[in-house]
>>> print(open('input_12.pdb').read())   # PDB, C-alpha atoms
ATOM      1  CA  MET K  23     -10.189 -25.241   0.976
ATOM      2  CA  ALA K  24      -9.519 -28.256  -1.233
ATOM      3  CA  SER K  25     -11.804 -30.842  -2.784
ATOM      4  CA  THR K  26     -12.475 -34.040  -0.805
ATOM      5  CA  GLU K  27     -14.912 -36.955  -1.132
ATOM      6  CA  THR K  28     -17.408 -35.117   1.073
ATOM      7  CA  GLY K  29     -16.920 -31.652  -0.447
ATOM      8  CA  PHE K  30     -14.538 -28.755   0.102
ATOM      9  CA  ALA K  31     -12.603 -28.891   3.374
ATOM     10  CA  PRO K  32      -9.761 -26.862   4.932
ATOM     11  CA  LYS K  33      -6.238 -27.581   3.676
ATOM     12  CA  SER K  34      -3.062 -26.144   5.145
ATOM     13  CA  GLY K  35      -0.599 -24.141   3.074
ATOM     14  CA  VAL K  36      -3.030 -22.891   0.428
ATOM     15  CA  VAL K  37      -3.078 -19.217   1.406
ATOM     16  CA  GLU K  38       0.656 -19.204   2.146
ATOM     17  CA  ALA K  39       1.427 -20.590  -1.328
ATOM     18  CA  GLU K  40      -0.784 -17.965  -2.986
ATOM     19  CA  LEU K  41       0.849 -15.138  -1.037
ATOM     20  CA  ALA K  42       4.307 -16.382  -1.984
ATOM     21  CA  GLN K  43       3.300 -16.472  -5.648
ATOM     22  CA  LEU K  44       1.806 -12.969  -5.522
ATOM     23  CA  GLN K  45       4.952 -11.631  -3.899
ATOM     24  CA  LYS K  46       7.164 -13.414  -6.431
ATOM     25  CA  MET K  47       5.189 -11.790  -9.260
ATOM     26  CA  GLY K  48       5.585  -8.384  -7.630
ATOM     27  CA  ASP K  49       1.865  -7.978  -6.947
ATOM     28  CA  ILE K  50       2.490  -7.802  -3.195
ATOM     29  CA  SER K  51       5.383  -5.782  -1.859
ATOM     30  CA  GLY K  52       6.617  -5.086   1.640
ATOM     31  CA  ASP K  53       6.951  -7.341   4.619
ATOM     32  CA  TYR K  54       4.200  -9.520   5.987
ATOM     33  CA  ARG K  55       3.935 -12.345   8.457
ATOM     34  CA  VAL K  56       1.456 -15.207   8.393
ATOM     35  CA  VAL K  57      -0.238 -16.477  11.552
ATOM     36  CA  VAL K  58      -2.141 -19.718  10.997
ATOM     37  CA  ALA K  59      -4.963 -21.084  13.109
ATOM     38  CA  ASP K  60      -4.411 -24.611  14.346
ATOM     39  CA  PRO K  61      -6.485 -26.469  13.481
ATOM     40  CA  LEU K  62      -7.905 -24.816  10.380
ATOM     41  CA  ILE K  63     -11.713 -24.895  10.404
ATOM     42  CA  ASP K  64     -14.608 -24.414   8.040
ATOM     43  CA  SER K  65     -16.101 -21.054   8.990
ATOM     44  CA  ALA K  66     -19.407 -22.846   9.626
ATOM     45  CA  ASN K  67     -17.728 -24.090  12.800
ATOM     46  CA  ALA K  68     -16.541 -20.646  13.942
ATOM     47  CA  SER K  69     -17.456 -19.537  17.459
ATOM     48  CA  PRO K  70     -16.686 -16.637  19.812
ATOM     49  CA  ALA K  71     -13.601 -18.605  20.888
ATOM     50  CA  ASP K  72     -12.275 -18.192  17.342
ATOM     51  CA  TRP K  73     -13.155 -14.480  17.389
ATOM     52  CA  ASN K  74     -11.132 -14.178  20.589
ATOM     53  CA  TRP K  75      -8.161 -15.933  18.991
ATOM     54  CA  ILE K  76      -8.183 -13.509  16.037
ATOM     55  CA  ILE K  77      -8.551 -10.528  18.385
ATOM     56  CA  ALA K  78      -5.617 -11.745  20.472
ATOM     57  CA  GLN K  79      -3.358 -12.101  17.399
ATOM     58  CA  ILE K  80      -4.169  -8.548  16.300
ATOM     59  CA  ILE K  81      -3.635  -7.026  19.738
ATOM     60  CA  ASP K  82      -0.377  -8.931  20.255
ATOM     61  CA  ALA K  83       1.032  -7.575  16.966
ATOM     62  CA  SER K  84      -0.556  -4.121  17.064
ATOM     63  CA  ASP K  85       2.702  -2.355  17.963
ATOM     64  CA  GLU K  86       4.667  -4.014  15.185
ATOM     65  CA  CYS K  87       2.252  -4.189  12.246
ATOM     66  CA  GLU K  88       0.672  -1.369  10.258
ATOM     67  CA  GLY K  89      -2.438  -3.339   9.403
ATOM     68  CA  PHE K  90      -4.023  -6.783   9.406
ATOM     69  CA  VAL K  91      -5.559  -9.057   6.761
ATOM     70  CA  VAL K  92      -7.816 -11.862   7.988
ATOM     71  CA  THR K  93      -8.661 -14.686   5.565
ATOM     72  CA  HIS K  94     -11.991 -16.274   6.450
ATOM     73  CA  GLY K  95     -14.652 -18.556   5.048
ATOM     74  CA  THR K  96     -17.654 -16.706   3.676
ATOM     75  CA  ASP K  97     -20.481 -18.415   5.588
ATOM     76  CA  THR K  98     -19.794 -16.605   8.875
ATOM     77  CA  LEU K  99     -17.485 -13.863   7.630
ATOM     78  CA  ALA K 100     -20.107 -11.174   8.334
ATOM     79  CA  PHE K 101     -20.518 -12.391  11.931
ATOM     80  CA  THR K 102     -16.754 -12.301  12.516
ATOM     81  CA  ALA K 103     -16.417  -8.886  10.868
ATOM     82  CA  ALA K 104     -19.097  -7.464  13.172
ATOM     83  CA  ALA K 105     -17.561  -9.125  16.228
ATOM     84  CA  LEU K 106     -14.115  -7.696  15.459
ATOM     85  CA  THR K 107     -15.592  -4.258  14.802
ATOM     86  CA  PHE K 108     -17.131  -4.055  18.281
ATOM     87  CA  SER K 109     -14.191  -5.609  20.104
ATOM     88  CA  LEU K 110     -11.502  -3.590  18.319
ATOM     89  CA  CYS K 111     -13.401  -0.303  18.229
ATOM     90  CA  GLY K 112     -10.771   2.339  18.889
ATOM     91  CA  LEU K 113      -7.876   0.421  17.306
ATOM     92  CA  GLN K 114      -6.103   3.001  15.163
ATOM     93  CA  LYS K 115      -5.124   0.545  12.416
ATOM     94  CA  PRO K 116      -7.051  -1.111   9.582
ATOM     95  CA  VAL K 117      -8.234  -4.713   9.801
ATOM     96  CA  VAL K 118      -9.405  -6.182   6.480
ATOM     97  CA  LEU K 119     -11.287  -9.472   6.173
ATOM     98  CA  THR K 120     -11.539 -11.338   2.891
ATOM     99  CA  GLY K 121     -12.240 -14.779   1.489
ATOM    100  CA  ALA K 122     -13.353 -16.574  -1.638
ATOM    101  CA  MET K 123     -16.583 -17.970  -3.005
ATOM    102  CA  LEU K 124     -14.565 -20.506  -5.031
ATOM    103  CA  PRO K 125     -11.509 -21.900  -3.244
ATOM    104  CA  LEU K 126      -8.000 -20.902  -4.308
ATOM    105  CA  THR K 127      -7.352 -24.526  -5.255
ATOM    106  CA  GLN K 128     -10.003 -24.358  -8.018
ATOM    107  CA  ASP K 129      -9.586 -22.926 -11.521
ATOM    108  CA  GLY K 130     -11.270 -19.545 -11.864
ATOM    109  CA  SER K 131     -11.191 -18.843  -8.120
ATOM    110  CA  ASP K 132     -11.982 -15.319  -6.968
ATOM    111  CA  GLY K 133      -9.650 -15.825  -4.002
ATOM    112  CA  SER K 134      -6.473 -14.471  -5.564
ATOM    113  CA  ARG K 135      -8.107 -11.195  -6.595
ATOM    114  CA  ASN K 136      -9.741 -10.759  -3.193
ATOM    115  CA  LEU K 137      -6.480 -11.486  -1.403
ATOM    116  CA  LEU K 138      -4.580  -9.020  -3.557
ATOM    117  CA  ASP K 139      -7.289  -6.378  -3.068
ATOM    118  CA  ALA K 140      -7.187  -6.947   0.699
ATOM    119  CA  PHE K 141      -3.431  -6.333   0.796
ATOM    120  CA  GLU K 142      -3.970  -3.114  -1.135
ATOM    121  CA  ALA K 143      -6.895  -2.091   1.073
ATOM    122  CA  VAL K 144      -4.894  -2.571   4.265
ATOM    123  CA  ARG K 145      -2.469   0.075   2.970
ATOM    124  CA  THR K 146      -5.152   2.637   2.139
ATOM    125  CA  ALA K 147      -8.147   2.008   4.414
ATOM    126  CA  PRO K 148      -8.798   4.213   7.441
ATOM    127  CA  PRO K 149      -8.591   2.626  10.903
ATOM    128  CA  GLY K 150     -11.395   0.198  11.593
ATOM    129  CA  VAL K 151     -12.639  -3.208  10.492
ATOM    130  CA  TRP K 152     -13.490  -3.748   6.829
ATOM    131  CA  VAL K 153     -14.499  -6.519   4.447
ATOM    132  CA  GLN K 154     -12.804  -6.471   1.042
ATOM    133  CA  PHE K 155     -14.699  -8.569  -1.462
ATOM    134  CA  ALA K 156     -15.372  -8.504  -5.214
ATOM    135  CA  GLY K 157     -13.679  -5.131  -5.609
ATOM    136  CA  LYS K 158     -15.632  -3.478  -2.785
ATOM    137  CA  ARG K 159     -14.519  -2.334   0.650
ATOM    138  CA  LEU K 160     -17.406  -2.761   3.063
ATOM    139  CA  HIS K 161     -18.079  -1.624   6.624
ATOM    140  CA  GLY K 162     -17.342  -4.480   9.041
ATOM    141  CA  ALA K 163     -20.471  -3.992  11.152
ATOM    142  CA  ARG K 164     -22.765  -3.263   8.193
ATOM    143  CA  VAL K 165     -21.902  -6.148   5.909
ATOM    144  CA  ARG K 166     -24.055  -9.188   5.174
ATOM    145  CA  LYS K 167     -23.765 -12.159   2.854
ATOM    146  CA  SER K 168     -26.433 -11.447   0.255
ATOM    147  CA  HIS K 169     -25.810 -14.265  -2.263
ATOM    148  CA  SER K 170     -24.955 -17.918  -1.677
ATOM    149  CA  VAL K 171     -22.958 -18.586  -4.864
ATOM    150  CA  ALA K 172     -22.147 -15.358  -6.758
ATOM    151  CA  PHE K 173     -18.625 -13.945  -6.550
ATOM    152  CA  ASP K 174     -20.137 -10.580  -5.564
ATOM    153  CA  ALA K 175     -21.675 -12.166  -2.488
ATOM    154  CA  PHE K 176     -21.512  -9.389   0.117
ATOM    155  CA  ALA K 177     -23.354  -6.110   0.489
ATOM    156  CA  ALA K 178     -23.446  -3.253   2.983
ATOM    157  CA  SER K 179     -25.847  -0.329   3.240
ATOM    158  CA  ILE K 180     -23.118   2.202   4.057
ATOM    159  CA  SER K 181     -19.350   2.254   3.725
ATOM    160  CA  ASP K 182     -18.360   4.927   6.272
ATOM    161  CA  LEU K 183     -17.358   3.783   9.742
ATOM    162  CA  GLY K 184     -18.121   7.194  11.175
ATOM    163  CA  PRO K 185     -16.094   8.776  13.957
ATOM    164  CA  LEU K 186     -14.148   6.254  16.032
ATOM    165  CA  ARG K 187     -14.848   6.381  19.748
ATOM    166  CA  GLU K 188     -12.266   5.836  22.434
ATOM    167  CA  ALA K 189     -11.838   2.128  23.089
ATOM    168  CA  ALA K 190     -13.530   1.124  26.338
ATOM    169  CA  HIS K 191     -11.076  -1.756  26.573
ATOM    170  CA  PRO K 192      -7.841  -0.817  24.781
ATOM    171  CA  GLY K 193      -6.567  -4.410  24.880
ATOM    172  CA  GLY K 194      -9.463  -5.635  22.726
ATOM    173  CA  GLN K 195     -12.548  -6.794  24.598
ATOM    174  CA  PRO K 196     -12.823 -10.611  24.370
ATOM    175  CA  TYR K 197     -16.170 -12.359  24.083
ATOM    176  CA  ASP K 198     -17.445 -14.266  27.089
ATOM    177  CA  GLN K 199     -17.751 -17.845  25.872
ATOM    178  CA  ASP K 200     -20.149 -18.737  28.671
ATOM    179  CA  VAL K 201     -22.965 -16.436  27.522
ATOM    180  CA  SER K 202     -25.569 -17.486  24.984
ATOM    181  CA  VAL K 203     -27.826 -15.543  22.628
ATOM    182  CA  LEU K 204     -30.759 -16.887  20.634
ATOM    183  CA  ILE K 205     -31.710 -15.462  17.235
ATOM    184  CA  ALA K 206     -35.493 -15.883  16.933
ATOM    185  CA  ALA K 207     -37.683 -14.885  13.997
ATOM    186  CA  VAL K 208     -41.414 -14.213  14.284
ATOM    187  CA  ALA K 209     -43.689 -15.966  11.803
ATOM    188  CA  PRO K 210     -47.466 -16.214  11.197
ATOM    189  CA  GLY K 211     -49.078 -18.533  13.709
ATOM    190  CA  MET K 212     -45.833 -19.021  15.589
ATOM    191  CA  GLN K 213     -45.797 -20.545  19.035
ATOM    192  CA  ALA K 214     -43.822 -18.402  21.454
ATOM    193  CA  ASP K 215     -42.701 -21.378  23.552
ATOM    194  CA  LEU K 216     -39.131 -21.221  22.223
ATOM    195  CA  ILE K 217     -38.873 -17.508  22.985
ATOM    196  CA  ALA K 218     -40.219 -18.178  26.465
ATOM    197  CA  LEU K 219     -37.606 -20.906  26.877
ATOM    198  CA  ALA K 220     -34.906 -18.506  25.685
ATOM    199  CA  ALA K 221     -36.080 -15.990  28.274
ATOM    200  CA  GLU K 222     -35.362 -18.688  30.842
ATOM    201  CA  ARG K 223     -32.207 -20.276  29.434
ATOM    202  CA  ALA K 224     -30.400 -17.759  27.196
ATOM    203  CA  ASP K 225     -28.640 -14.589  28.309
ATOM    204  CA  GLY K 226     -30.177 -12.479  25.541
ATOM    205  CA  ILE K 227     -32.391 -12.628  22.456
ATOM    206  CA  VAL K 228     -32.134 -11.102  18.989
ATOM    207  CA  LEU K 229     -35.740 -10.867  17.793
ATOM    208  CA  ARG K 230     -36.223 -10.662  14.029
ATOM    209  CA  CYS K 231     -39.467  -8.739  13.535
ATOM    210  CA  TYR K 232     -41.665  -8.058  10.531
ATOM    211  CA  GLY K 233     -41.033  -4.959   8.454
ATOM    212  CA  SER K 234     -40.470  -1.826  10.488
ATOM    213  CA  GLY K 235     -40.992  -3.556  13.830
ATOM    214  CA  THR K 236     -44.249  -5.474  14.198
ATOM    215  CA  VAL K 237     -44.820  -8.827  15.909
ATOM    216  CA  PRO K 238     -47.825 -11.130  16.500
ATOM    217  CA  GLU K 239     -49.939  -9.776  19.347
ATOM    218  CA  SER K 240     -50.143 -13.108  21.156
ATOM    219  CA  ARG K 241     -50.513 -13.800  24.853
ATOM    220  CA  ASP K 242     -47.588 -16.224  24.774
ATOM    221  CA  LEU K 243     -45.211 -13.718  23.152
ATOM    222  CA  ARG K 244     -46.297 -11.089  25.651
ATOM    223  CA  ALA K 245     -45.548 -13.486  28.502
ATOM    224  CA  ALA K 246     -42.144 -14.379  27.018
ATOM    225  CA  LEU K 247     -41.101 -10.737  26.640
ATOM    226  CA  LYS K 248     -42.345  -9.957  30.140
ATOM    227  CA  ARG K 249     -40.272 -12.851  31.479
ATOM    228  CA  ALA K 250     -37.176 -11.545  29.655
ATOM    229  CA  ARG K 251     -37.688  -8.058  31.103
ATOM    230  CA  ASP K 252     -38.333  -9.308  34.619
ATOM    231  CA  THR K 253     -35.192 -11.485  34.617
ATOM    232  CA  GLY K 254     -32.980  -8.778  33.094
ATOM    233  CA  LYS K 255     -32.438 -10.604  29.780
ATOM    234  CA  PRO K 256     -31.909  -8.025  26.986
ATOM    235  CA  VAL K 257     -33.956  -8.382  23.815
ATOM    236  CA  LEU K 258     -32.678  -6.604  20.692
ATOM    237  CA  ALA K 259     -35.113  -6.186  17.794
ATOM    238  CA  VAL K 260     -34.107  -6.061  14.126
ATOM    239  CA  SER K 261     -36.069  -6.350  10.897
ATOM    240  CA  GLN K 262     -36.350  -9.439   8.736
ATOM    241  CA  CYS K 263     -36.013  -7.080   5.752
ATOM    242  CA  ALA K 264     -32.541  -6.649   4.265
ATOM    243  CA  GLU K 265     -32.933  -2.872   3.966
ATOM    244  CA  GLY K 266     -34.693  -0.112   5.859
ATOM    245  CA  GLY K 267     -34.509  -1.427   9.414
ATOM    246  CA  ILE K 268     -37.135  -0.951  12.096
ATOM    247  CA  SER K 269     -38.622   1.991  13.940
ATOM    248  CA  LEU K 270     -40.456   0.881  17.049
ATOM    249  CA  GLY K 271     -43.737   2.673  17.652
ATOM    250  CA  THR K 272     -44.645   3.095  13.990
ATOM    251  CA  TYR K 273     -47.410   0.476  14.199
ATOM    252  CA  SER K 274     -49.625  -0.536  17.074
ATOM    253  CA  ALA K 275     -48.757  -4.178  16.371
ATOM    254  CA  GLY K 276     -45.272  -3.447  17.685
ATOM    255  CA  ALA K 277     -46.352  -1.663  20.850
ATOM    256  CA  LEU K 278     -45.639  -4.599  23.152
ATOM    257  CA  LEU K 279     -41.953  -4.422  22.173
ATOM    258  CA  ALA K 280     -41.641  -0.964  23.673
ATOM    259  CA  GLU K 281     -43.859  -1.968  26.594
ATOM    260  CA  PHE K 282     -41.371  -4.622  27.685
ATOM    261  CA  GLY K 283     -38.167  -2.693  27.043
ATOM    262  CA  VAL K 284     -37.088  -4.335  23.800
ATOM    263  CA  VAL K 285     -34.170  -2.388  22.318
ATOM    264  CA  ASP K 286     -34.722  -0.837  18.893
ATOM    265  CA  GLY K 287     -32.000  -2.238  16.628
ATOM    266  CA  ARG K 288     -32.799   0.300  13.893
ATOM    267  CA  ASP K 289     -31.218  -0.875  10.640
ATOM    268  CA  MET K 290     -28.590  -3.200  12.093
ATOM    269  CA  THR K 291     -27.955  -6.469  10.307
ATOM    270  CA  VAL K 292     -28.799  -9.614  12.221
ATOM    271  CA  GLU K 293     -25.073 -10.440  12.243
ATOM    272  CA  ALA K 294     -24.216  -7.108  13.848
ATOM    273  CA  ALA K 295     -27.101  -7.407  16.317
ATOM    274  CA  TYR K 296     -25.942 -10.855  17.406
ATOM    275  CA  ALA K 297     -22.325  -9.732  17.833
ATOM    276  CA  LYS K 298     -23.311  -6.507  19.601
ATOM    277  CA  LEU K 299     -25.545  -8.327  22.071
ATOM    278  CA  LEU K 300     -22.729 -10.776  22.846
ATOM    279  CA  HIS K 301     -20.380  -7.802  23.183
ATOM    280  CA  ALA K 302     -22.693  -6.064  25.676
ATOM    281  CA  LEU K 303     -23.105  -9.263  27.678
ATOM    282  CA  SER K 304     -19.319  -9.705  27.732
ATOM    283  CA  VAL K 305     -18.545  -6.146  28.818
ATOM    284  CA  THR K 306     -20.891  -6.031  31.809
ATOM    285  CA  LYS K 307     -23.357  -8.103  33.804
ATOM    286  CA  ASP K 308     -25.398  -5.015  34.745
ATOM    287  CA  PRO K 309     -28.689  -5.051  32.753
ATOM    288  CA  ILE K 310     -28.907  -1.235  32.811
ATOM    289  CA  GLU K 311     -25.389  -0.896  31.394
ATOM    290  CA  GLN K 312     -26.112  -3.605  28.816
ATOM    291  CA  HIS K 313     -29.128  -1.620  27.603
ATOM    292  CA  ARG K 314     -27.044   1.549  27.467
ATOM    293  CA  ILE K 315     -24.480  -0.182  25.253
ATOM    294  CA  LEU K 316     -27.169  -1.639  23.002
ATOM    295  CA  GLU K 317     -28.864   1.749  22.641
ATOM    296  CA  THR K 318     -25.576   3.490  21.732
ATOM    297  CA  CYS K 319     -24.166   3.524  18.205
ATOM    298  CA  LEU K 320     -20.626   2.300  18.945
ATOM    299  CA  CYS K 321     -18.985   2.180  15.521
ATOM    300  CA  GLY K 322     -21.487   3.070  12.799
ATOM    301  CA  GLU K 323     -23.452  -0.178  13.063
ATOM    302  CA  TRP K 324     -26.649   1.725  12.327
ATOM    303  CA  VAL K 325     -27.563   4.930  10.543
ATOM    304  CA  ALA K 326     -28.400   7.439  13.268
TER     305      ALA K 326
END
>>> encode(input="input_12.pdb", output="structure tokens")
Amino acid sequence: MASTETGFAPKSGVVEAELAQLQKMGDISGDYRVVVADPLIDSANASPADWNWIIAQIIDASDECEGFVVTHGTDTLAFTAAALTFSLCGLQKPVVLTGAMLPLTQDGSDGSRNLLDAFEAVRTAPPGVWVQFAGKRLHGARVRKSHSVAFDAFAASISDLGPLREAAHPGGQPYDQDVSVLIAAVAPGMQADLIALAAERADGIVLRCYGSGTVPESRDLRAALKRARDTGKPVLAVSQCAEGGISLGTYSAGALLAEFGVVDGRDMTVEAAYAKLLHALSVTKDPIEQHRILETCLCGEWVA
């Protein structure tokens, strides 16, 4: 990023120049290659198509490279980290994402430290997808952006990926760009019309519930969830709380979730839930198999 009249915007050559300087100073050793997206984008504009491009670069170089560092804007870094974790589950090499809260082009940027730490982490991290930020290595499917301006902007509940499963798609499962998922949050007095519309138009819904898994007991929400079940549209429930997750069945006010086959997302982040639902929809069109994937812990995305 570099400063413009309308705010920070992508600028080519910035990361390459920093890497060259770090190598010249002896802070980075060994061989590396740089693959640059064209065009560069603000991460606010990232989409599953961009996830697929990153996945393809990693798979194409997986026989030649010992590890991978992905530089990424912070706004959607947690979404991309989760998406790569599910798609590349089974890859026996480390993938480390990093970025900066203050661009490399600005005095006092945290980008140089994060970049240097990422190059060190890719040498020492176990296989899997990680986020290296503010001196911490974080689980790719457990990470969330917890602060909008602080350098220490990311958090994760756990840091262990857990045992790696065999990759269902060794080439790296791409994301189907034709499927759509709505993230919907319940709120007091909410109208369920949008959820009902999503049950008609979207391919799946991530439902952000209260606390440990309660929702308004409204006729409209009941009808929307029934419509989703009857049309084979998966609904994945997560908590609006940053910690603790949900446990369906704890309160009567969440009973209609179980009644209509809503999947318990346990303590998954909303970013991981969104990526996992897209992953399931991309892997198979069979609603039963989609539910099986959603109900299986694939790569440590929840605490069993």
>>> atom_distance(input="input_12.pdb", atom1="CA of Pro149 (chain K)", atom2="CA of Gln79 (chain K)")
16.9 Å
>>> closest_atom_pairs(input="input_12.pdb", of="region 65-151 of chain K", to="region 280-299 of chain K", cutoff="9 Å", atoms="all atoms listed in the file", output="JSON lines")
{"residue": "K:Thr98", "atom": "CA", "partner": "K:Glu293", "partner_atom": "CA", "distance": 8.8}
{"residue": "K:Ala100", "atom": "CA", "partner": "K:Glu293", "partner_atom": "CA", "distance": 6.4}
{"residue": "K:Phe101", "atom": "CA", "partner": "K:Glu293", "partner_atom": "CA", "distance": 5.0}
{"residue": "K:Thr102", "atom": "CA", "partner": "K:Ala297", "partner_atom": "CA", "distance": 8.1}
{"residue": "K:Ala103", "atom": "CA", "partner": "K:Ala294", "partner_atom": "CA", "distance": 8.5}
{"residue": "K:Ala104", "atom": "CA", "partner": "K:Ala294", "partner_atom": "CA", "distance": 5.2}
{"residue": "K:Ala105", "atom": "CA", "partner": "K:Ala297", "partner_atom": "CA", "distance": 5.1}
{"residue": "K:Leu106", "atom": "CA", "partner": "K:Ala297", "partner_atom": "CA", "distance": 8.8}
{"residue": "K:Phe108", "atom": "CA", "partner": "K:Lys298", "partner_atom": "CA", "distance": 6.8}
>>> resolve_selection(input="input_12.pdb", expression="the PyMOL selection byres ((chain K and resi 191-206) around 10)", output="count of residues only")
59
>>> atom_distance(input="input_12.pdb", atom1="CA of Ala264 (chain K)", atom2="CA of Asn136 (chain K)")
24.3 Å
>>> closest_residue(input="input_12.pdb", among="K:Asp252, K:Asp60, K:Asp132, K:Asp49", to="Ser34 (chain K)", atoms="only C-alpha atoms")
K:Asp60
>>> decode(input="input_12.pdb", residues="region 263-323 of chain K", atoms="C-alpha atoms", output="tab-separated table (two decimals), in the first residue's frame")
chain	number	residue	atom	x	y	z
K	263	CYS	CA	-19.47	-14.13	21.00
K	264	ALA	CA	-15.74	-14.06	20.26
K	265	GLU	CA	-15.02	-16.89	22.71
K	266	GLY	CA	-16.79	-19.99	23.97
K	267	GLY	CA	-18.77	-21.00	20.90
K	268	ILE	CA	-22.20	-22.59	20.89
K	269	SER	CA	-23.68	-25.84	22.13
K	270	LEU	CA	-27.05	-26.50	20.56
K	271	GLY	CA	-29.65	-27.88	22.95
K	272	THR	CA	-28.41	-25.99	26.01
K	273	TYR	CA	-31.42	-23.65	25.98
K	274	SER	CA	-34.97	-24.21	24.82
K	275	ALA	CA	-34.75	-20.97	22.82
K	276	GLY	CA	-32.37	-22.76	20.46
K	277	ALA	CA	-34.47	-25.89	20.01
K	278	LEU	CA	-35.75	-24.93	16.57
K	279	LEU	CA	-32.17	-24.98	15.26
K	280	ALA	CA	-31.86	-28.68	16.00
K	281	GLU	CA	-35.43	-29.27	14.82
K	282	PHE	CA	-34.56	-28.07	11.32
K	283	GLY	CA	-31.14	-29.67	11.01
K	284	VAL	CA	-28.97	-26.61	11.59
K	285	VAL	CA	-25.34	-27.70	11.98
K	286	ASP	CA	-23.67	-26.91	15.30
K	287	GLY	CA	-20.60	-24.82	14.49
K	288	ARG	CA	-19.25	-25.19	18.04
K	289	ASP	CA	-16.55	-22.57	18.60
K	290	MET	CA	-15.68	-21.86	14.97
K	291	THR	CA	-15.01	-18.27	13.99
K	292	VAL	CA	-17.43	-16.73	11.54
K	293	GLU	CA	-14.57	-16.55	9.03
K	294	ALA	CA	-13.90	-20.27	9.34
K	295	ALA	CA	-17.61	-21.09	9.19
K	296	TYR	CA	-18.03	-19.08	6.00
K	297	ALA	CA	-15.00	-20.69	4.34
K	298	LYS	CA	-15.96	-24.19	5.50
K	299	LEU	CA	-19.50	-23.86	4.18
K	300	LEU	CA	-18.15	-22.69	0.81
K	301	HIS	CA	-15.68	-25.58	0.91
K	302	ALA	CA	-18.46	-28.12	1.54
K	303	LEU	CA	-20.58	-26.64	-1.24
K	304	SER	CA	-17.59	-26.80	-3.59
K	305	VAL	CA	-16.67	-30.40	-2.79
K	306	THR	CA	-20.11	-31.91	-3.34
K	307	LYS	CA	-23.66	-31.08	-4.37
K	308	ASP	CA	-25.10	-33.85	-2.17
K	309	PRO	CA	-26.80	-32.26	0.89
K	310	ILE	CA	-26.11	-35.34	3.03
K	311	GLU	CA	-22.40	-35.25	2.18
K	312	GLN	CA	-22.31	-31.48	2.75
K	313	HIS	CA	-23.71	-32.00	6.26
K	314	ARG	CA	-21.17	-34.75	6.91
K	315	ILE	CA	-18.33	-32.40	5.97
K	316	LEU	CA	-19.74	-29.59	8.10
K	317	GLU	CA	-20.15	-31.90	11.09
K	318	THR	CA	-16.56	-33.20	10.80
K	319	CYS	CA	-13.58	-31.37	12.29
K	320	LEU	CA	-11.33	-31.26	9.21
K	321	CYS	CA	-8.24	-29.40	10.42
K	322	GLY	CA	-8.70	-28.23	14.01
K	323	GLU	CA	-11.23	-25.51	13.16
